[in-house]
Amino acid sequence: MMTETEDKTLRYRRAQSVTRAEEITEKEKKVRSSQLDKPIHKPRDSLFSWSSEFANFTGLVNWGFLMLTVGGVRLCLENFLKYGFRVNPIEWIIVLTGYNEGHSHQYPSVVLLIFSIVPTVVALMIEKGIAVNLINEKLGVFLQITNILFIITLPAVVLQIKGNHFSFIGATTVCMIYLILFLKIWSYSQTNYWCRNGTKNRFSKNKLRRQSLSAPNWKTYEEEKNEEAAAAGLIKYPNNLTLKDLFYFLLAPTLCYELNFPRTARIRKRFVVKRLVELAFGVNLVLALFQQWMIPSVTNSVDTFSTMDPIRITERLLKLAVPNHLIWLCLFYLSFHSFLNLMGELLQFADRNFYNDWWNANNISVFWSTWNTPVHLWAVRHVYVPITERGYTKGFASIIVFLISAFFHEYLVSVPLQMFRIWAFLGMMAQPPLSVISRIAERRLGPRWGNIMVWSSLILGQPLAIMMYYHDYALLHFTSE
């Protein structure tokens, strides 16, 4: 075994040898530069070599954007030459307003959206009943769970019974609103449960501590906390149980309830106008892309999937990938930036962290935790953390989160289509193993390859699911008996 002194001596010698080598290199460089042959060569790496540490590829990025633009223009011209000009704003109005629902003179989507107020008020009444001891704690929790399950099952039941009276846009809107309401009422009930139990526990501890104090002017724990909250302008439980507070939360761009949200000082009118312009332009752009580019590609893929020709399926998948991905990016910007920022500004909601830099994600798990911050925070706060606090492993909690997410992805597709398949569910449940594979790629091949895997799953995974659903839908509704 080498002693510590010998180890230090060896390190010193190595340091001396390195210094000596550098001195020789510098001396050789000076000698070479003084030669009469005017030398111009020196030791250096090619720019594309990793060891060169060259990082300025701005010109290549510009070239890439130019090539994408040229390819996009060519695809647009090809589309116009093959299908003609398909954009028709009148059809947009018919689809978005649910005009085809009006033939029944019932407008069931509108009726269901208005009815969503009922379970919302029921949730508030249950919480107030528990707060004033009118309802037993266990009974109140049972009633809230029943109410929350009623919210998520109502659209599925109504669409199953009267599905032919709904338009696809109307059914999708109803399912989306009720799913958001489900997540918000879950958060509202659970947060009030935490506040209620936390207050009881603190009060009992404070009561035991002050039993030994005989001074008659001691204030109770609740009185002290209420005075502190009033001085800070904060709302304390159960003073938050009002319709105004609940409906502010339902409209706020968040899924996680708090008694006191961070607020801005004023509404910026110019900011609101910018977001409105973005929404007006963006919605028209998405509808135009969908009508001109997406619908023909999806329609023409039915026969290809029926024959199960892998080469033609791959060609259709790649052809659909470009318009689908452009529409997805537009919808992401319109939803998470334009719309949520608009609602946040109008409601003076100060927390605008609706997304993070998911485009830089080096593996699948990072992507899912950064692209949709409201849902991610809800899942962590109301599912992941409560499960781990009960002693379960983080891996088990993650699987439960993905199971819930997979169920709701399938819910948003199968219920409006009234066609129960499992493609979206399977796609979401494939994310944990994909996450492991992408982490291995990131660790062994570098972050760049992990990021490429993330983008590949986004560009190719969604159009594959769309073609599979449309193929099944077309066979179910458009084929002859």
# chains A, B, ... in the order shown; residues from 1 in each chain; ligands from 1
$ residues_around --residues "Ala171 in chain A" --least-positions-apart "5" --cutoff "8 Å" --atoms "only C-alpha atoms" --output "VMD selection string"
chain A and resid 109 159 166 415 to 416
$ write_last_selection --atoms "all heavy atoms" --output "CSV table (one decimal), in the first residue's frame"
chain,number,residue,atom,x,y,z
A,109,SER,N,-75.3,20.4,-24.8
A,109,SER,CA,-74.0,20.8,-24.3
A,109,SER,C,-74.1,22.0,-23.4
A,109,SER,O,-73.5,22.1,-22.3
A,109,SER,CB,-73.0,21.1,-25.5
A,109,SER,OG,-72.8,19.9,-26.2
A,159,LEU,N,-74.0,11.3,-22.4
A,159,LEU,CA,-73.6,11.0,-23.8
A,159,LEU,C,-73.9,9.6,-24.2
A,159,LEU,O,-74.2,9.4,-25.4
A,159,LEU,CB,-72.1,11.3,-23.9
A,159,LEU,CG,-71.6,12.8,-24.0
A,159,LEU,CD1,-70.1,12.9,-23.8
A,159,LEU,CD2,-72.1,13.4,-25.3
A,166,PHE,N,-75.6,15.4,-29.5
A,166,PHE,CA,-74.4,16.2,-29.2
A,166,PHE,C,-73.6,16.3,-30.5
A,166,PHE,O,-73.4,15.3,-31.3
A,166,PHE,CB,-73.5,15.6,-28.1
A,166,PHE,CG,-74.1,15.8,-26.7
A,166,PHE,CD1,-75.1,14.9,-26.3
A,166,PHE,CD2,-73.6,16.8,-25.9
A,166,PHE,CE1,-75.6,15.1,-25.0
A,166,PHE,CE2,-74.1,16.9,-24.6
A,166,PHE,CZ,-75.1,16.1,-24.2
A,415,VAL,N,-65.0,9.2,-24.5
A,415,VAL,CA,-66.4,9.6,-24.2
A,415,VAL,C,-67.0,10.5,-25.2
A,415,VAL,O,-68.1,10.3,-25.7
A,415,VAL,CB,-66.4,10.3,-22.8
A,415,VAL,CG1,-67.7,10.9,-22.5
A,415,VAL,CG2,-66.0,9.3,-21.7
A,416,PRO,N,-66.3,11.6,-25.7
A,416,PRO,CA,-66.9,12.4,-26.8
A,416,PRO,C,-67.1,11.6,-28.1
A,416,PRO,O,-68.1,11.8,-28.8
A,416,PRO,CB,-65.8,13.5,-27.0
A,416,PRO,CG,-65.1,13.6,-25.8
A,416,PRO,CD,-65.0,12.2,-25.3
$ closest_atom_pairs --of "range 246-277 of chain A" --to "range 172-182 of chain A" --cutoff "10 Å" --atoms "only C-alpha atoms" --output "tab-separated table"
residue	atom	partner	partner_atom	distance
A:Leu250	CA	A:Leu181	CA	7.4
A:Thr254	CA	A:Ile180	CA	9.7
A:Leu255	CA	A:Ile180	CA	7.6
$ closest_residue --among "A:Leu320, A:Leu60, A:Val87, A:Val298" --to "Leu75 in chain A" --atoms "only C-alpha atoms"
A:Leu320
$ select_by_dssp --residues "range 6-187 of chain A" --states "helix (DSSP H, G or I)" --output "ChimeraX atom specification"
/A:6-33,50-52,58-83,89-96,99-104,108-115,117-131,137-165,168-187
$ write_last_selection --atoms "C-alpha atoms" --output "short mmCIF file (atom, residue, chain, number, x, y, z; two decimals), in the first residue's frame"
data_model
loop_
_atom_site.label_atom_id
_atom_site.label_comp_id
_atom_site.auth_asym_id
_atom_site.auth_seq_id
_atom_site.Cartn_x
_atom_site.Cartn_y
_atom_site.Cartn_z
CA GLU A 6 4.50 8.77 -1.19
CA ASP A 7 1.14 9.65 -2.78
CA LYS A 8 1.78 13.40 -2.32
CA THR A 9 5.30 13.01 -3.75
CA LEU A 10 3.93 11.21 -6.82
CA ARG A 11 1.29 13.90 -7.37
CA TYR A 12 3.96 16.59 -7.10
CA ARG A 13 6.12 14.82 -9.68
CA ARG A 14 3.12 14.53 -12.04
CA ALA A 15 2.34 18.21 -11.59
CA GLN A 16 5.98 19.00 -12.30
CA SER A 17 5.92 16.83 -15.44
CA VAL A 18 2.78 18.54 -16.73
CA THR A 19 4.27 21.96 -16.09
CA ARG A 20 7.48 20.84 -17.80
CA ALA A 21 5.51 19.58 -20.83
CA GLU A 22 3.66 22.90 -21.10
CA GLU A 23 6.98 24.76 -20.92
CA ILE A 24 8.39 22.57 -23.71
CA THR A 25 5.28 23.20 -25.85
CA GLU A 26 5.51 26.95 -25.36
CA LYS A 27 9.25 26.90 -26.06
CA GLU A 28 8.71 24.85 -29.22
CA LYS A 29 5.99 27.26 -30.31
CA LYS A 30 8.32 30.24 -29.93
CA VAL A 31 11.09 28.44 -31.80
CA ARG A 32 8.75 27.47 -34.66
CA SER A 33 7.38 31.00 -35.01
CA TRP A 50 -16.24 17.29 -29.59
CA SER A 51 -12.76 18.21 -28.31
CA SER A 52 -12.77 21.52 -30.22
CA THR A 58 -26.03 30.01 -35.51
CA GLY A 59 -25.54 29.77 -39.27
CA LEU A 60 -26.55 26.09 -39.31
CA VAL A 61 -29.64 26.90 -37.24
CA ASN A 62 -30.60 29.58 -39.79
CA TRP A 63 -30.00 27.04 -42.57
CA GLY A 64 -32.26 24.56 -40.76
CA PHE A 65 -35.07 27.11 -40.44
CA LEU A 66 -34.71 28.00 -44.12
CA MET A 67 -34.88 24.34 -45.17
CA LEU A 68 -37.94 23.81 -42.98
CA THR A 69 -39.57 26.87 -44.55
CA VAL A 70 -38.83 25.63 -48.07
CA GLY A 71 -40.18 22.17 -47.19
CA GLY A 72 -43.28 23.68 -45.61
CA VAL A 73 -44.01 25.86 -48.62
CA ARG A 74 -43.62 22.84 -50.91
CA LEU A 75 -46.04 20.81 -48.77
CA CYS A 76 -48.56 23.67 -48.80
CA LEU A 77 -48.40 23.94 -52.61
CA GLU A 78 -48.74 20.18 -52.92
CA ASN A 79 -51.75 20.25 -50.62
CA PHE A 80 -53.46 23.04 -52.58
CA LEU A 81 -52.80 21.33 -55.91
CA LYS A 82 -54.17 18.00 -54.65
CA TYR A 83 -57.16 19.08 -52.54
CA PRO A 89 -65.06 29.92 -42.17
CA ILE A 90 -68.80 29.26 -42.32
CA GLU A 91 -68.17 25.63 -41.39
CA TRP A 92 -66.03 26.83 -38.48
CA ILE A 93 -68.99 28.80 -37.12
CA ILE A 94 -71.30 25.83 -37.52
CA VAL A 95 -68.92 23.49 -35.71
CA LEU A 96 -67.83 25.85 -32.92
CA TYR A 99 -75.36 24.67 -34.77
CA ASN A 100 -76.07 21.03 -35.59
CA GLU A 101 -77.13 20.52 -31.95
CA GLY A 102 -79.80 23.18 -32.38
CA HIS A 103 -81.90 21.01 -34.69
CA SER A 104 -83.18 19.23 -31.60
CA PRO A 108 -77.63 19.62 -24.57
CA SER A 109 -74.01 20.80 -24.31
CA VAL A 110 -75.12 24.22 -23.07
CA VAL A 111 -77.55 22.61 -20.63
CA LEU A 112 -74.82 20.40 -19.17
CA LEU A 113 -72.39 23.32 -18.86
CA ILE A 114 -74.99 25.35 -16.96
CA PHE A 115 -75.82 22.35 -14.78
CA ILE A 117 -73.03 24.97 -11.19
CA VAL A 118 -75.14 22.48 -9.18
CA PRO A 119 -72.35 20.10 -8.00
CA THR A 120 -70.16 23.16 -7.39
CA VAL A 121 -72.71 24.66 -4.97
CA VAL A 122 -73.25 21.21 -3.42
CA ALA A 123 -69.51 20.98 -2.67
CA LEU A 124 -69.63 24.38 -0.91
CA MET A 125 -72.72 23.40 1.12
CA ILE A 126 -71.05 20.18 2.28
CA GLU A 127 -67.94 22.09 3.38
CA LYS A 128 -70.03 24.66 5.29
CA GLY A 129 -72.02 21.88 6.93
CA ILE A 130 -68.81 20.22 8.14
CA ALA A 131 -67.37 23.56 9.33
CA GLU A 137 -66.65 14.62 9.39
CA LYS A 138 -66.81 11.08 8.00
CA LEU A 139 -70.23 11.64 6.45
CA GLY A 140 -69.01 14.91 4.92
CA VAL A 141 -65.98 13.24 3.34
CA PHE A 142 -68.24 10.50 1.94
CA LEU A 143 -70.62 13.09 0.47
CA GLN A 144 -67.74 15.01 -1.12
CA ILE A 145 -66.32 11.85 -2.70
CA THR A 146 -69.80 10.99 -4.03
CA ASN A 147 -70.21 14.50 -5.44
CA ILE A 148 -66.77 14.40 -7.11
CA LEU A 149 -67.50 11.00 -8.69
CA PHE A 150 -70.87 12.32 -9.87
CA ILE A 151 -69.09 15.20 -11.64
CA ILE A 152 -66.83 12.92 -13.66
CA THR A 153 -69.48 10.29 -14.52
CA LEU A 154 -72.34 12.61 -15.50
CA PRO A 155 -71.04 13.49 -19.02
CA ALA A 156 -70.29 9.83 -19.79
CA VAL A 157 -73.79 8.74 -18.75
CA VAL A 158 -75.60 11.54 -20.59
CA LEU A 159 -73.56 11.03 -23.77
CA GLN A 160 -74.25 7.31 -23.64
CA ILE A 161 -78.01 7.95 -23.43
CA LYS A 162 -78.35 10.97 -25.75
CA GLY A 163 -75.13 10.96 -27.67
CA ASN A 164 -76.78 11.51 -31.05
CA HIS A 165 -77.98 14.96 -29.87
CA PHE A 168 -68.30 16.33 -31.32
CA ILE A 169 -67.08 19.81 -30.30
CA GLY A 170 -69.94 20.16 -27.82
CA ALA A 171 -69.28 16.75 -26.27
CA THR A 172 -65.52 17.41 -26.07
CA THR A 173 -66.09 20.80 -24.42
CA VAL A 174 -68.44 19.29 -21.85
CA CYS A 175 -65.98 16.51 -20.99
CA MET A 176 -63.09 18.97 -20.69
CA ILE A 177 -65.02 21.40 -18.44
CA TYR A 178 -66.30 18.62 -16.20
CA LEU A 179 -62.83 17.09 -15.93
CA ILE A 180 -61.39 20.46 -14.88
CA LEU A 181 -64.26 20.86 -12.41
CA PHE A 182 -63.53 17.38 -11.04
CA LEU A 183 -59.85 18.25 -10.42
CA LYS A 184 -60.71 21.63 -8.87
CA ILE A 185 -63.41 20.32 -6.52
CA TRP A 186 -61.03 17.52 -5.48
CA SER A 187 -58.41 20.13 -4.61
#
$ atom_distance --atom1 "CA of Tyr469 in chain A" --atom2 "CA of Trp358 in chain A"
26.7 Å
$ atom_distance --atom1 "CA of Phe271 in chain A" --atom2 "CA of Asn324 in chain A"
29.2 Å
$ atom_distance --atom1 "CA of Asn341 in chain A" --atom2 "CA of Thr242 in chain A"
25.2 Å
$ closest_residue --among "A:Leu251, A:Leu326, A:Met343, A:Leu377" --to "Arg268 in chain A" --atoms "only C-alpha atoms"
A:Met343
$ residues_around --residues "Phe339 in chain A" --least-positions-apart "6" --cutoff "9 Å" --atoms "only C-alpha atoms" --output "ChimeraX atom specification"
/A:253,275-276,278-279,333
$ write_last_selection --atoms "C-alpha atoms" --output "PDB file, in the first residue's frame"
ATOM      1  CA  PRO A 253     -55.872  29.516 -14.096  1.00  0.00           C
ATOM      2  CA  ARG A 275     -53.550  38.027 -25.570  1.00  0.00           C
ATOM      3  CA  LEU A 276     -56.960  38.590 -27.215  1.00  0.00           C
ATOM      4  CA  GLU A 278     -53.197  36.107 -30.193  1.00  0.00           C
ATOM      5  CA  LEU A 279     -56.290  34.040 -29.449  1.00  0.00           C
ATOM      6  CA  TYR A 333     -49.192  28.347 -27.089  1.00  0.00           C
TER       7      TYR A 333
END
$ closest_residue --among "A:Glu345, A:Ile466, A:Gly395, A:Phe332" --to "Arg270 in chain A" --atoms "only C-alpha atoms"
A:Glu345
